[in-house]
There are 4 protein chains.
Amino acid sequence: MINVGVIGYGYWGPNLVRNLAEVSRVKLTAVADSSPEKLALVQRRFPAVTTTADYQDLIRDPSIDAIAIATPVSTHFELGMAVLKAGKHLWLEKPMTETSLQARQLLEEAEKRKLILFVDHTFVYTGAVRKMQEIVSSGELGKILYYDSSRVNLGLFQHDVNVIADLGVHDFSILDHLLKEHPNAVSAAGINHFPGTPENLAYITMFYDSGTIAHINVSWLAPVKVRQILLGGSNKMITYDDLEPSEKIKVYDKGVSFTDDPKKIYEMRVGYRTGDMWAPKLNEGEALRVAVEHFVDCIEKSQPPMTDGHMGLRVVELVEAATSSMRGRGETVHIQRKGKFQ
Amino acid sequence: MINVGVIGYGYWGPNLVRNLAEVSRVKLTAVADSSPEKLALVQRRFPAVTTTADYQDLIRDPSIDAIAIATPVSTHFELGMAVLKAGKHLWLEKPMTETSLQARQLLEEAEKRKLILFVDHTFVYTGAVRKMQEIVSSGELGKILYYDSSRVNLGLFQHDVNVIADLGVHDFSILDHLLKEHPNAVSAAGINHFPGTPENLAYITMFYDSGTIAHINVSWLAPVKVRQILLGGSNKMITYDDLEPSEKIKVYDKGVSFTDDPKKIYEMRVGYRTGDMWAPKLNEGEALRVAVEHFVDCIEKSQPPMTDGHMGLRVVELVEAATSSMRGRGETVHIQRKGKFQ
Amino acid sequence: MINVGVIGYGYWGPNLVRNLAEVSRVKLTAVADSSPEKLALVQRRFPAVTTTADYQDLIRDPSIDAIAIATPVSTHFELGMAVLKAGKHLWLEKPMTETSLQARQLLEEAEKRKLILFVDHTFVYTGAVRKMQEIVSSGELGKILYYDSSRVNLGLFQHDVNVIADLGVHDFSILDHLLKEHPNAVSAAGINHFPGTPENLAYITMFYDSGTIAHINVSWLAPVKVRQILLGGSNKMITYDDLEPSEKIKVYDKGVSFTDDPKKIYEMRVGYRTGDMWAPKLNEGEALRVAVEHFVDCIEKSQPPMTDGHMGLRVVELVEAATSSMRGRGETVHIQRKGKFQ
Amino acid sequence: MINVGVIGYGYWGPNLVRNLAEVSRVKLTAVADSSPEKLALVQRRFPAVTTTADYQDLIRDPSIDAIAIATPVSTHFELGMAVLKAGKHLWLEKPMTETSLQARQLLEEAEKRKLILFVDHTFVYTGAVRKMQEIVSSGELGKILYYDSSRVNLGLFQHDVNVIADLGVHDFSILDHLLKEHPNAVSAAGINHFPGTPENLAYITMFYDSGTIAHINVSWLAPVKVRQILLGGSNKMITYDDLEPSEKIKVYDKGVSFTDDPKKIYEMRVGYRTGDMWAPKLNEGEALRVAVEHFVDCIEKSQPPMTDGHMGLRVVELVEAATSSMRGRGETVHIQRKGKFQ
């Protein structure tokens, strides 16, 4: 039985707490939050759980094995470091930290102490992304030509992070998981339509050594909700519509084919190819539950999570690079290659 | 009665000829095409129309008042100039020309000779875009914050023009018509996935003095067809889905609202606002028919078309700027302001 | 504060308990269920609530003011009667009872004792149906011409009730609420595709004195989920798609118009009329929560619920009539008119 | 080369004429219509075709091998009989005739004279229905449990035929083609919402010896267009949405499974089974063109069409039976079995 405490019971905390409470190998022991109302809510729902306004109570409690942090990103580094220094495993909500320097320090601390550092890029644990990853790694798509994501809606305007750090990180983590390759360059454009607020709309383009191009369109100011990814391969292509109730993933046996006949050099050398479409059955379990189970597995077996600190760091680096390019009005930011994909 | 000849009976020519044939004020007199098979097809369908493999026959025919050119863009300048120099009104398919220099020369020639120069940006004549323009110009949307277009499908790979010149021009013309403002900067990324072919996928961002940002996603390599525009205003927002059979345009009474209370400077100052949605009835006539009628009106009344040479030139300038930025891997291209919006 | 007990913690019970627990004017005191596992679940989630395997404990408890019954329909009559005879208010899941005779007896008992008898036809409390009712009662639609519902999916095969008692009751209650009129005749066809199971697919047609016709298509054996209602009026028409995330209700200014010119007696006298579509903003609160609040209001103010025993009885009568017609292979069953619509 | 004449250039005639004109083995020689405007239109479009206001000119013309009739159904019998008696092959628009007696007489006349009698149930020639038929006949679906069709929209109110004869015939012909079985009973309900007009809305249920049940919902008074068929088999199920641009047919590996364990007689014996979905690529050619080619084939090879007079007769019998049941308020009409499915 692993004793887990949670710091932060705001927007995402309740989902986390509910899932931790339902995993049999976990004992949810304490929840910390600065708001008495939030703590009262916890007590009503989980009377056996200790509540406190002081997160240090959790850090100091020797019976707690692991702590999950679901507070604003600006606090992730300080809280996370305290957790690790207390010798506890760490679950951090996304994005991992505000800066890549912070992420790197947490990662080093965790590795030094041989503690599990889990970053909650939940999408990686959905049935849809797991199925995409399975199809990509089978080679069925052929060479990956492009990834194109629209992730827009009328969303809560954040006051501490921009839309890239809020929504773009989902695509950064999905891409990291699917491609096992880090982009070599990022270019982004974006705007804050309301003075004094972070950018609420951004377009990000990423280039990869393999030739893949990725594009991400994120916005808090769209009248309709869109969650659509197109993943184009040289043999087949996938669409992933997260708002579809059941057929989220569709695999298209469609594409273009070529003649290499040199005589046709001045003619059209590209032809259509269309075939069947196939929508595989997906695992429909709640992704956060899968993530929690995986976190517990990693603690028990001392093995790195799929969404470990290295991945968390790579995602934070992309947030930094994209934000930097966006503020330079699209100037390309070059990125060093990073290793160690899980 | 206006006598009209058509040069080019390939992909778009048959649509043009069919519409010209059905307008009562027009007499379709001759069609030129280099392919005997195409000419045989014209004769079977329109036995009263003269056919010829030599377009000069049309240029030289004094009874012809206007000539429509539906040939590859590389021929637009030479053919168009010959038409104008023969003192005939000119209809050019989109894009107007390969280069802005050519467009400027045609524009000058037409203005000098007081001839109508019509560029067939057909989308401007659709019921959907006309309704959008009506709503935008009424001020109902408030300040225009963004324009976001996805125009992708598994499309015919062109061998002479890239996807910006093929699909992006639709958005350039719609934007020109809606905003009556020219962007001050363009940035684009794109790729040709197959060596020796033009770019088949591109992402274009445009910045306007008014603060509007526009983004265009065009691709010939998507497994599904998408034709969706989001137009966000400070008061209301529009979605335009061209694949919807009847409710193409939806107006959302949705957005964000602000408090300007300086005391709340550190708090969230943005709130949601959601309300009804409204899908106005659209005129369902064929856009090309509307365009042909407008062309005839402009000839009869000696007035400039909505899609005149100035607009055609502005669109070609954007194709040039976006292509230049794309080949410079997203380097921003600055644009001089252009006047004379119809 | 109203003390409420719940009997039955199976499929719907947990939703009911969760909502009762969150209403401040309610004190959820006890839950009864025959399954120890279910009771353990209740205790884990709501440690302050008494649990028991013997529902009589709730009936006998004088501190309990009202009891909600969420058990199989075959037990509704016996349990409901015991609740009423103990002088407690009664919440019954739908359908109210197995037979109309049972419903009538419960209704009489409740009226005699001046107790609230609430039947949980939850759909009546959704934002969508409330908005439809508002529009219908405003007269905006004109005369109601037809109601057409498809309510199909790959559903749990019930072994005690047929698909009419499971899914059809939703439409019976919505119709009752919208039309305030009882049909005069019912005809139904249906089939059980698997011997020994209740009918899993049924088509029900109902006729009203006002000329309205209603049709309901229910199935547990469809590969896709459909929840669509068309409501046609002489002036306007409504579509209600319950699977749409936000625009569930659409009002169409569409229809047909007539000339009454006697000279045109042999000609077509019907013309199209199409106009705008409008999707009103809906209240998005959970319907069951609204229902629970309404139940509490009715107890506090001693007033009949919108979904009272009279309505529950009318719905059960329609289940009986439709089932009888279905087993008579579509023979029309005539119905006496019923009064007292809330 | 087969010489073909066409009688009737109203709603469907132009489509028929256009397709006949494009088939190389056909020579379209003459078109008859009572309207001078319609004939002028034909002459403008097809100057080589003879036009006449007197259909007898076509009947009498010995050079004409086959005549297609696209006039109101009330004239089909008289015109069709004249065509056959003149020794010409006959193409009749759907429905074949007003009464089954008329259909039977035409059928006998055609058989006696060994002439091709083709009824234009165009849907049978669509890529979608052909693919469904291929899948059904492969046995992949298992036993066919049900057919459920919604075919509604805001349609042209007909003044000579009801909605069953207008829209229902499409389903009758598709069912006939897919099942190769004639129903043993029909029950229908319907209404004419406007006095003096034919029924504009109908619900038809059909029962088959094999246990299949079919249901058809047709209406001219729906605010939205729906063209959806569900075809449920014991192994797999198909959806056919004719409004989908490309994925009209979807095959679901979904259903229910059973245990036959007698010990479980009182328990639920039905379980879910869900799997992948598959959308086969369809032939996208125009169905009417396929039908015309098939008509010519049948003439050349003296073989019966897929939509021959027997099928046309069966469809007319179902229109009669359904209309009769509808006017008897749903009274079941029993049908004798009919043989000779192509």
# chains A, B, ... in the order shown; residues from 1 in each chain; ligands from 1
call {"tool": "calpha_fit_and_write", "arguments": {"fixed": "chain D", "moving": "chain C", "output": "compact mmCIF listing (two decimals) with C-alpha atoms, in the first residue's frame"}}
result
# COMPACT_ATOMS: atom_id res chain seq x y z
CA MET C 1 -26.35 1.69 -81.24
CA ILE C 2 -29.71 1.84 -79.48
CA ASN C 3 -32.05 4.66 -80.39
CA VAL C 4 -33.82 6.04 -77.34
CA GLY C 5 -36.62 8.55 -76.95
CA VAL C 6 -37.73 10.22 -73.73
CA ILE C 7 -41.25 11.30 -72.79
CA GLY C 8 -41.33 13.94 -70.06
CA TYR C 9 -38.75 16.68 -69.38
CA GLY C 10 -39.95 17.87 -65.98
CA TYR C 11 -38.18 17.21 -62.66
CA TRP C 12 -36.27 13.99 -63.38
CA GLY C 13 -36.31 14.02 -67.19
CA PRO C 14 -33.32 16.36 -67.55
CA ASN C 15 -31.14 14.01 -65.46
CA LEU C 16 -32.26 11.07 -67.53
CA VAL C 17 -31.65 12.85 -70.83
CA ARG C 18 -28.23 14.05 -69.75
CA ASN C 19 -27.17 10.52 -68.83
CA LEU C 20 -28.63 8.96 -71.96
CA ALA C 21 -26.77 11.56 -74.02
CA GLU C 22 -23.46 10.59 -72.46
CA VAL C 23 -23.65 6.83 -72.97
CA SER C 24 -21.82 5.97 -76.16
CA ARG C 25 -23.98 2.96 -77.05
CA VAL C 26 -27.10 5.11 -76.96
CA LYS C 27 -28.34 7.55 -79.53
CA LEU C 28 -30.78 9.96 -77.95
CA THR C 29 -33.12 10.76 -80.83
CA ALA C 30 -36.23 12.50 -79.54
CA VAL C 31 -37.78 14.11 -76.48
CA ALA C 32 -41.50 14.74 -76.00
CA ASP C 33 -43.02 17.12 -73.50
CA SER C 34 -46.24 19.11 -73.44
CA SER C 35 -44.44 22.32 -72.43
CA PRO C 36 -42.91 24.44 -75.23
CA GLU C 37 -40.52 25.98 -72.68
CA LYS C 38 -39.19 22.58 -71.72
CA LEU C 39 -38.73 21.64 -75.37
CA ALA C 40 -36.89 24.90 -76.03
CA LEU C 41 -34.58 23.99 -73.17
CA VAL C 42 -33.91 20.59 -74.73
CA GLN C 43 -33.16 22.19 -78.08
CA ARG C 44 -30.77 24.67 -76.56
CA ARG C 45 -28.90 21.91 -74.74
CA PHE C 46 -29.17 19.13 -77.35
CA PRO C 47 -29.72 20.68 -80.79
CA ALA C 48 -29.40 17.33 -82.57
CA VAL C 49 -32.38 15.88 -80.72
CA THR C 50 -35.87 16.02 -82.22
CA THR C 51 -38.45 17.60 -79.92
CA THR C 52 -42.19 17.24 -80.04
CA ALA C 53 -45.25 18.05 -77.99
CA ASP C 54 -46.91 14.82 -79.13
CA TYR C 55 -45.52 11.70 -77.53
CA GLN C 56 -47.24 9.63 -80.24
CA ASP C 57 -44.51 10.83 -82.59
CA LEU C 58 -42.06 8.78 -80.56
CA ILE C 59 -44.33 5.76 -80.33
CA ARG C 60 -44.86 5.77 -84.10
CA ASP C 61 -41.20 6.29 -84.97
CA PRO C 62 -39.93 2.87 -86.14
CA SER C 63 -36.29 3.93 -85.71
CA ILE C 64 -36.71 4.25 -81.95
CA ASP C 65 -35.77 1.07 -80.08
CA ALA C 66 -36.60 2.10 -76.53
CA ILE C 67 -38.58 4.79 -74.77
CA ALA C 68 -38.06 6.19 -71.29
CA ILE C 69 -41.07 7.63 -69.50
CA ALA C 70 -40.52 10.37 -66.93
CA THR C 71 -44.04 11.73 -66.59
CA PRO C 72 -46.42 11.79 -63.60
CA VAL C 73 -47.23 8.28 -62.38
CA SER C 74 -50.88 8.61 -63.38
CA THR C 75 -49.79 8.43 -67.03
CA HIS C 76 -47.33 5.53 -66.68
CA PHE C 77 -49.76 2.77 -67.53
CA GLU C 78 -51.22 4.28 -70.68
CA LEU C 79 -47.89 5.51 -72.02
CA GLY C 80 -46.03 2.35 -71.02
CA MET C 81 -48.59 0.10 -72.65
CA ALA C 82 -48.41 2.13 -75.87
CA VAL C 83 -44.62 1.80 -75.87
CA LEU C 84 -44.75 -1.95 -75.38
CA LYS C 85 -47.47 -2.44 -77.97
CA ALA C 86 -45.27 -0.56 -80.42
CA GLY C 87 -42.63 -3.23 -79.77
CA LYS C 88 -40.21 -0.94 -77.98
CA HIS C 89 -38.26 -1.53 -74.78
CA LEU C 90 -39.56 0.44 -71.83
CA TRP C 91 -37.89 2.47 -69.09
CA LEU C 92 -40.35 3.67 -66.46
CA GLU C 93 -39.65 6.11 -63.67
CA LYS C 94 -40.61 5.02 -60.17
CA PRO C 95 -43.14 4.10 -58.99
CA MET C 96 -43.95 1.82 -61.89
CA THR C 97 -47.70 2.51 -61.93
CA GLU C 98 -50.54 3.78 -59.79
CA THR C 99 -51.99 0.31 -59.16
CA SER C 100 -50.66 -3.20 -58.97
CA LEU C 101 -53.21 -4.27 -61.58
CA GLN C 102 -51.64 -1.84 -64.05
CA ALA C 103 -48.15 -3.05 -63.15
CA ARG C 104 -49.18 -6.66 -63.67
CA GLN C 105 -50.62 -5.87 -67.10
CA LEU C 106 -47.48 -4.05 -68.21
CA LEU C 107 -45.36 -6.90 -66.92
CA GLU C 108 -47.40 -9.47 -68.86
CA GLU C 109 -47.29 -7.39 -72.01
CA ALA C 110 -43.52 -7.02 -71.78
CA GLU C 111 -42.98 -10.71 -71.10
CA LYS C 112 -45.29 -11.73 -73.96
CA ARG C 113 -43.36 -9.52 -76.37
CA LYS C 114 -39.95 -10.31 -74.85
CA LEU C 115 -39.24 -6.65 -74.32
CA ILE C 116 -37.13 -5.21 -71.57
CA LEU C 117 -39.18 -3.51 -68.88
CA PHE C 118 -36.94 -1.45 -66.64
CA VAL C 119 -38.20 0.40 -63.57
CA ASP C 120 -35.91 3.19 -62.46
CA HIS C 121 -35.38 2.40 -58.80
CA THR C 122 -32.13 4.36 -58.99
CA PHE C 123 -31.00 3.70 -55.43
CA VAL C 124 -30.34 0.07 -56.31
CA TYR C 125 -27.58 1.31 -58.63
CA THR C 126 -25.79 3.52 -56.09
CA GLY C 127 -22.36 2.50 -54.89
CA ALA C 128 -23.73 2.43 -51.35
CA VAL C 129 -26.59 0.00 -51.97
CA ARG C 130 -24.42 -2.17 -54.20
CA LYS C 131 -21.87 -2.41 -51.40
CA MET C 132 -24.58 -3.20 -48.84
CA GLN C 133 -25.94 -5.90 -51.11
CA GLU C 134 -22.45 -7.35 -51.49
CA ILE C 135 -21.99 -7.45 -47.73
CA VAL C 136 -25.46 -8.87 -47.06
CA SER C 137 -25.07 -11.59 -49.64
CA SER C 138 -21.63 -12.52 -48.29
CA GLY C 139 -23.33 -13.50 -45.04
CA GLU C 140 -21.02 -11.26 -43.05
CA LEU C 141 -23.90 -9.66 -41.15
CA GLY C 142 -25.38 -12.96 -40.06
CA LYS C 143 -29.16 -13.21 -39.89
CA ILE C 144 -30.83 -9.90 -40.81
CA LEU C 145 -32.72 -8.74 -37.73
CA TYR C 146 -34.04 -5.35 -38.77
CA TYR C 147 -33.98 -2.56 -41.36
CA ASP C 148 -34.74 0.93 -40.12
CA SER C 149 -34.92 3.93 -42.43
CA SER C 150 -35.47 7.66 -41.87
CA ARG C 151 -36.06 9.57 -45.08
CA VAL C 152 -37.36 12.97 -44.15
CA ASN C 153 -36.88 16.58 -45.20
CA LEU C 154 -38.83 19.69 -46.07
CA GLY C 155 -39.95 18.30 -49.38
CA LEU C 156 -42.06 19.30 -52.29
CA PHE C 157 -45.66 18.49 -51.43
CA GLN C 158 -46.96 16.30 -54.22
CA HIS C 159 -50.59 16.63 -55.20
CA ASP C 160 -51.04 13.34 -56.98
CA VAL C 161 -49.16 10.82 -54.84
CA ASN C 162 -48.61 10.49 -51.11
CA VAL C 163 -45.27 10.42 -49.35
CA ILE C 164 -45.18 6.62 -49.41
CA ALA C 165 -45.35 6.55 -53.21
CA ASP C 166 -42.81 9.38 -53.37
CA LEU C 167 -40.19 8.48 -50.74
CA GLY C 168 -41.21 5.09 -49.35
CA VAL C 169 -40.66 3.40 -52.71
CA HIS C 170 -36.91 4.00 -52.32
CA ASP C 171 -36.88 1.82 -49.21
CA PHE C 172 -39.20 -0.76 -50.74
CA SER C 173 -36.79 -1.19 -53.64
CA ILE C 174 -33.67 -1.24 -51.46
CA LEU C 175 -35.26 -3.82 -49.17
CA ASP C 176 -36.35 -5.94 -52.13
CA HIS C 177 -32.82 -5.84 -53.48
CA LEU C 178 -31.10 -6.59 -50.18
CA LEU C 179 -33.40 -9.19 -48.67
CA LYS C 180 -34.69 -11.06 -51.74
CA GLU C 181 -37.75 -11.65 -49.62
CA HIS C 182 -41.22 -10.13 -49.72
CA PRO C 183 -42.89 -9.10 -46.47
CA ASN C 184 -45.89 -11.06 -45.30
CA ALA C 185 -47.58 -8.12 -43.60
CA VAL C 186 -47.51 -4.33 -43.64
CA SER C 187 -48.81 -1.83 -41.13
CA ALA C 188 -48.67 1.91 -41.61
CA ALA C 189 -49.72 5.12 -39.95
CA GLY C 190 -49.70 8.51 -41.57
CA ILE C 191 -51.40 11.82 -41.83
CA ASN C 192 -52.09 14.66 -44.19
CA HIS C 193 -51.68 17.76 -42.13
CA PHE C 194 -53.36 19.93 -44.74
CA PRO C 195 -56.87 19.04 -45.95
CA GLY C 196 -57.11 18.12 -49.58
CA THR C 197 -53.48 17.07 -49.90
CA PRO C 198 -52.07 13.54 -49.88
CA GLU C 199 -50.48 12.14 -46.71
CA ASN C 200 -47.23 14.02 -46.09
CA LEU C 201 -45.85 11.87 -43.28
CA ALA C 202 -45.98 8.12 -42.80
CA TYR C 203 -44.55 5.34 -40.66
CA ILE C 204 -44.49 1.90 -42.22
CA THR C 205 -43.69 -1.40 -40.52
CA MET C 206 -43.17 -4.62 -42.47
CA PHE C 207 -42.85 -8.17 -41.21
CA TYR C 208 -41.00 -10.99 -42.95
CA ASP C 209 -41.23 -14.77 -42.63
CA SER C 210 -37.52 -14.87 -41.83
CA GLY C 211 -38.14 -12.81 -38.72
CA THR C 212 -36.74 -9.57 -40.12
CA ILE C 213 -38.69 -6.43 -39.23
CA ALA C 214 -38.47 -3.31 -41.39
CA HIS C 215 -39.52 0.19 -40.48
CA ILE C 216 -39.65 3.24 -42.71
CA ASN C 217 -40.17 6.82 -41.58
CA VAL C 218 -40.94 9.20 -44.46
CA SER C 219 -41.95 12.85 -44.32
CA TRP C 220 -42.12 15.98 -46.43
CA LEU C 221 -42.43 18.12 -43.33
CA ALA C 222 -39.16 17.81 -41.42
CA PRO C 223 -36.96 20.88 -40.79
CA VAL C 224 -33.79 18.90 -41.49
CA LYS C 225 -32.89 16.38 -44.14
CA VAL C 226 -32.24 12.84 -42.90
CA ARG C 227 -31.34 9.88 -45.09
CA GLN C 228 -30.28 7.19 -42.68
CA ILE C 229 -30.68 3.45 -42.79
CA LEU C 230 -29.69 1.06 -40.02
CA LEU C 231 -29.39 -2.59 -41.02
CA GLY C 232 -28.93 -4.88 -38.07
CA GLY C 233 -27.60 -8.39 -38.37
CA SER C 234 -26.93 -10.99 -35.73
CA ASN C 235 -23.17 -10.65 -36.31
CA LYS C 236 -22.60 -7.16 -37.63
CA MET C 237 -24.58 -4.05 -38.40
CA ILE C 238 -24.47 -1.42 -41.11
CA THR C 239 -25.33 2.26 -41.10
CA TYR C 240 -25.94 4.00 -44.42
CA ASP C 241 -26.04 7.78 -44.26
CA ASP C 242 -26.63 9.07 -47.75
CA LEU C 243 -25.76 12.63 -46.75
CA GLU C 244 -22.20 11.74 -45.71
CA PRO C 245 -19.94 12.94 -48.49
CA SER C 246 -17.60 9.97 -48.51
CA GLU C 247 -18.19 7.47 -45.71
CA LYS C 248 -21.80 6.62 -46.47
CA ILE C 249 -21.55 2.97 -45.42
CA LYS C 250 -20.15 1.92 -42.06
CA VAL C 251 -19.94 -1.68 -40.93
CA TYR C 252 -19.94 -2.18 -37.17
CA ASP C 253 -18.56 -5.26 -35.55
CA LYS C 254 -21.02 -4.76 -32.75
CA GLY C 255 -23.93 -6.60 -31.34
CA VAL C 256 -25.10 -8.79 -28.54
CA SER C 257 -24.05 -12.25 -27.58
CA PHE C 258 -25.80 -14.86 -25.56
CA THR C 259 -25.11 -17.60 -23.15
CA ASP C 260 -27.39 -20.55 -23.51
CA ASP C 261 -26.55 -21.87 -20.09
CA PRO C 262 -29.90 -23.12 -18.72
CA LYS C 263 -28.80 -22.29 -15.19
CA LYS C 264 -28.84 -18.65 -16.11
CA ILE C 265 -32.42 -18.78 -17.23
CA TYR C 266 -33.49 -16.17 -14.72
CA GLU C 267 -30.51 -13.95 -15.28
CA MET C 268 -29.51 -11.63 -18.01
CA ARG C 269 -28.39 -13.79 -20.86
CA VAL C 270 -27.46 -11.04 -23.25
CA GLY C 271 -24.11 -9.29 -23.31
CA TYR C 272 -22.61 -6.48 -25.33
CA ARG C 273 -20.06 -7.02 -27.99
CA THR C 274 -18.30 -4.05 -29.53
CA GLY C 275 -15.44 -3.97 -31.95
CA ASP C 276 -13.98 -2.04 -34.83
CA MET C 277 -15.88 -0.07 -37.43
CA TRP C 278 -15.04 -0.23 -41.10
CA ALA C 279 -16.08 2.14 -43.90
CA PRO C 280 -15.50 0.47 -47.26
CA LYS C 281 -14.58 2.53 -50.25
CA LEU C 282 -17.59 2.95 -52.53
CA ASN C 283 -17.89 3.29 -56.26
CA GLU C 284 -18.64 6.97 -56.71
CA GLY C 285 -20.08 6.99 -60.22
CA GLU C 286 -23.51 8.56 -60.74
CA ALA C 287 -26.14 5.91 -60.03
CA LEU C 288 -28.37 6.97 -62.90
CA ARG C 289 -25.49 6.50 -65.30
CA VAL C 290 -24.94 2.98 -63.97
CA ALA C 291 -28.68 2.33 -64.38
CA VAL C 292 -28.66 3.55 -67.98
CA GLU C 293 -25.66 1.36 -68.83
CA HIS C 294 -27.41 -1.61 -67.23
CA PHE C 295 -30.58 -0.91 -69.24
CA VAL C 296 -28.56 -0.95 -72.44
CA ASP C 297 -26.79 -4.15 -71.38
CA CYS C 298 -30.12 -5.82 -70.73
CA ILE C 299 -31.44 -4.83 -74.16
CA GLU C 300 -28.29 -6.03 -75.88
CA LYS C 301 -28.16 -9.32 -74.01
CA SER C 302 -31.91 -9.89 -73.66
CA GLN C 303 -31.65 -10.39 -69.94
CA PRO C 304 -33.87 -9.08 -67.15
CA PRO C 305 -32.75 -5.93 -65.31
CA MET C 306 -32.06 -5.93 -61.57
CA THR C 307 -35.02 -3.58 -61.30
CA ASP C 308 -37.37 -5.40 -63.62
CA GLY C 309 -41.15 -5.35 -63.83
CA HIS C 310 -41.47 -8.01 -61.16
CA MET C 311 -39.65 -5.81 -58.72
CA GLY C 312 -41.58 -2.77 -59.88
CA LEU C 313 -44.80 -4.69 -59.28
CA ARG C 314 -43.73 -5.79 -55.79
CA VAL C 315 -42.95 -2.19 -54.90
CA VAL C 316 -46.34 -0.99 -56.16
CA GLU C 317 -48.03 -3.72 -54.14
CA LEU C 318 -46.27 -2.44 -51.04
CA VAL C 319 -47.36 1.13 -51.78
CA GLU C 320 -50.92 -0.14 -52.08
CA ALA C 321 -50.72 -2.22 -48.92
CA ALA C 322 -49.10 0.51 -46.87
CA THR C 323 -51.52 3.15 -48.08
CA SER C 324 -54.44 0.86 -47.36
CA SER C 325 -53.17 0.17 -43.83
CA MET C 326 -52.53 3.86 -43.24
CA ARG C 327 -56.06 4.76 -44.24
CA GLY C 328 -57.29 1.98 -41.94
CA ARG C 329 -55.31 3.63 -39.12
CA GLY C 330 -52.65 0.98 -38.93
CA GLU C 331 -54.69 -2.14 -39.53
CA THR C 332 -52.30 -4.88 -40.64
CA VAL C 333 -52.49 -5.80 -44.32
CA HIS C 334 -51.38 -9.32 -45.15
CA ILE C 335 -49.46 -10.02 -48.32
CA GLN C 336 -49.07 -13.15 -50.42
CA ARG C 337 -45.53 -14.30 -51.07
CA LYS C 338 -44.05 -13.30 -54.44
CA GLY C 339 -41.22 -15.06 -56.23
CA LYS C 340 -38.71 -14.35 -58.98
CA PHE C 341 -36.16 -12.07 -57.38
CA GLN C 342 -33.39 -11.05 -59.80
call {"tool": "select_by_dssp", "arguments": {"residues": "segment 90-193 of chain D", "states": "alpha helix (DSSP H)", "output": "PyMOL selection string"}}
result
chain D and resi 100-112+127-138+163+169-179
call {"tool": "write_last_selection", "arguments": {"atoms": "C-alpha atoms", "output": "CSV table (one decimal), in the first residue's frame"}}
result
chain,number,residue,atom,x,y,z
D,100,SER,CA,-50.6,-3.2,-59.0
D,101,LEU,CA,-53.2,-4.3,-61.6
D,102,GLN,CA,-51.6,-1.9,-64.1
D,103,ALA,CA,-48.1,-3.1,-63.2
D,104,ARG,CA,-49.2,-6.7,-63.7
D,105,GLN,CA,-50.6,-5.9,-67.1
D,106,LEU,CA,-47.5,-4.1,-68.2
D,107,LEU,CA,-45.3,-6.9,-66.9
D,108,GLU,CA,-47.4,-9.5,-68.9
D,109,GLU,CA,-47.3,-7.4,-72.0
D,110,ALA,CA,-43.5,-7.0,-71.8
D,111,GLU,CA,-43.0,-10.7,-71.1
D,112,LYS,CA,-45.3,-11.7,-74.0
D,127,GLY,CA,-22.3,2.5,-54.9
D,128,ALA,CA,-23.7,2.4,-51.3
D,129,VAL,CA,-26.6,0.0,-51.9
D,130,ARG,CA,-24.4,-2.2,-54.2
D,131,LYS,CA,-21.8,-2.4,-51.4
D,132,MET,CA,-24.6,-3.2,-48.8
D,133,GLN,CA,-25.9,-5.9,-51.1
D,134,GLU,CA,-22.4,-7.3,-51.5
D,135,ILE,CA,-21.9,-7.4,-47.7
D,136,VAL,CA,-25.4,-8.9,-47.0
D,137,SER,CA,-25.0,-11.6,-49.6
D,138,SER,CA,-21.6,-12.5,-48.2
D,163,VAL,CA,-45.2,10.4,-49.3
D,169,VAL,CA,-40.6,3.4,-52.7
D,170,HIS,CA,-36.9,4.0,-52.3
D,171,ASP,CA,-36.9,1.8,-49.2
D,172,PHE,CA,-39.2,-0.8,-50.7
D,173,SER,CA,-36.8,-1.2,-53.6
D,174,ILE,CA,-33.6,-1.2,-51.4
D,175,LEU,CA,-35.2,-3.8,-49.2
D,176,ASP,CA,-36.3,-5.9,-52.1
D,177,HIS,CA,-32.8,-5.8,-53.5
D,178,LEU,CA,-31.1,-6.6,-50.1
D,179,LEU,CA,-33.4,-9.2,-48.6
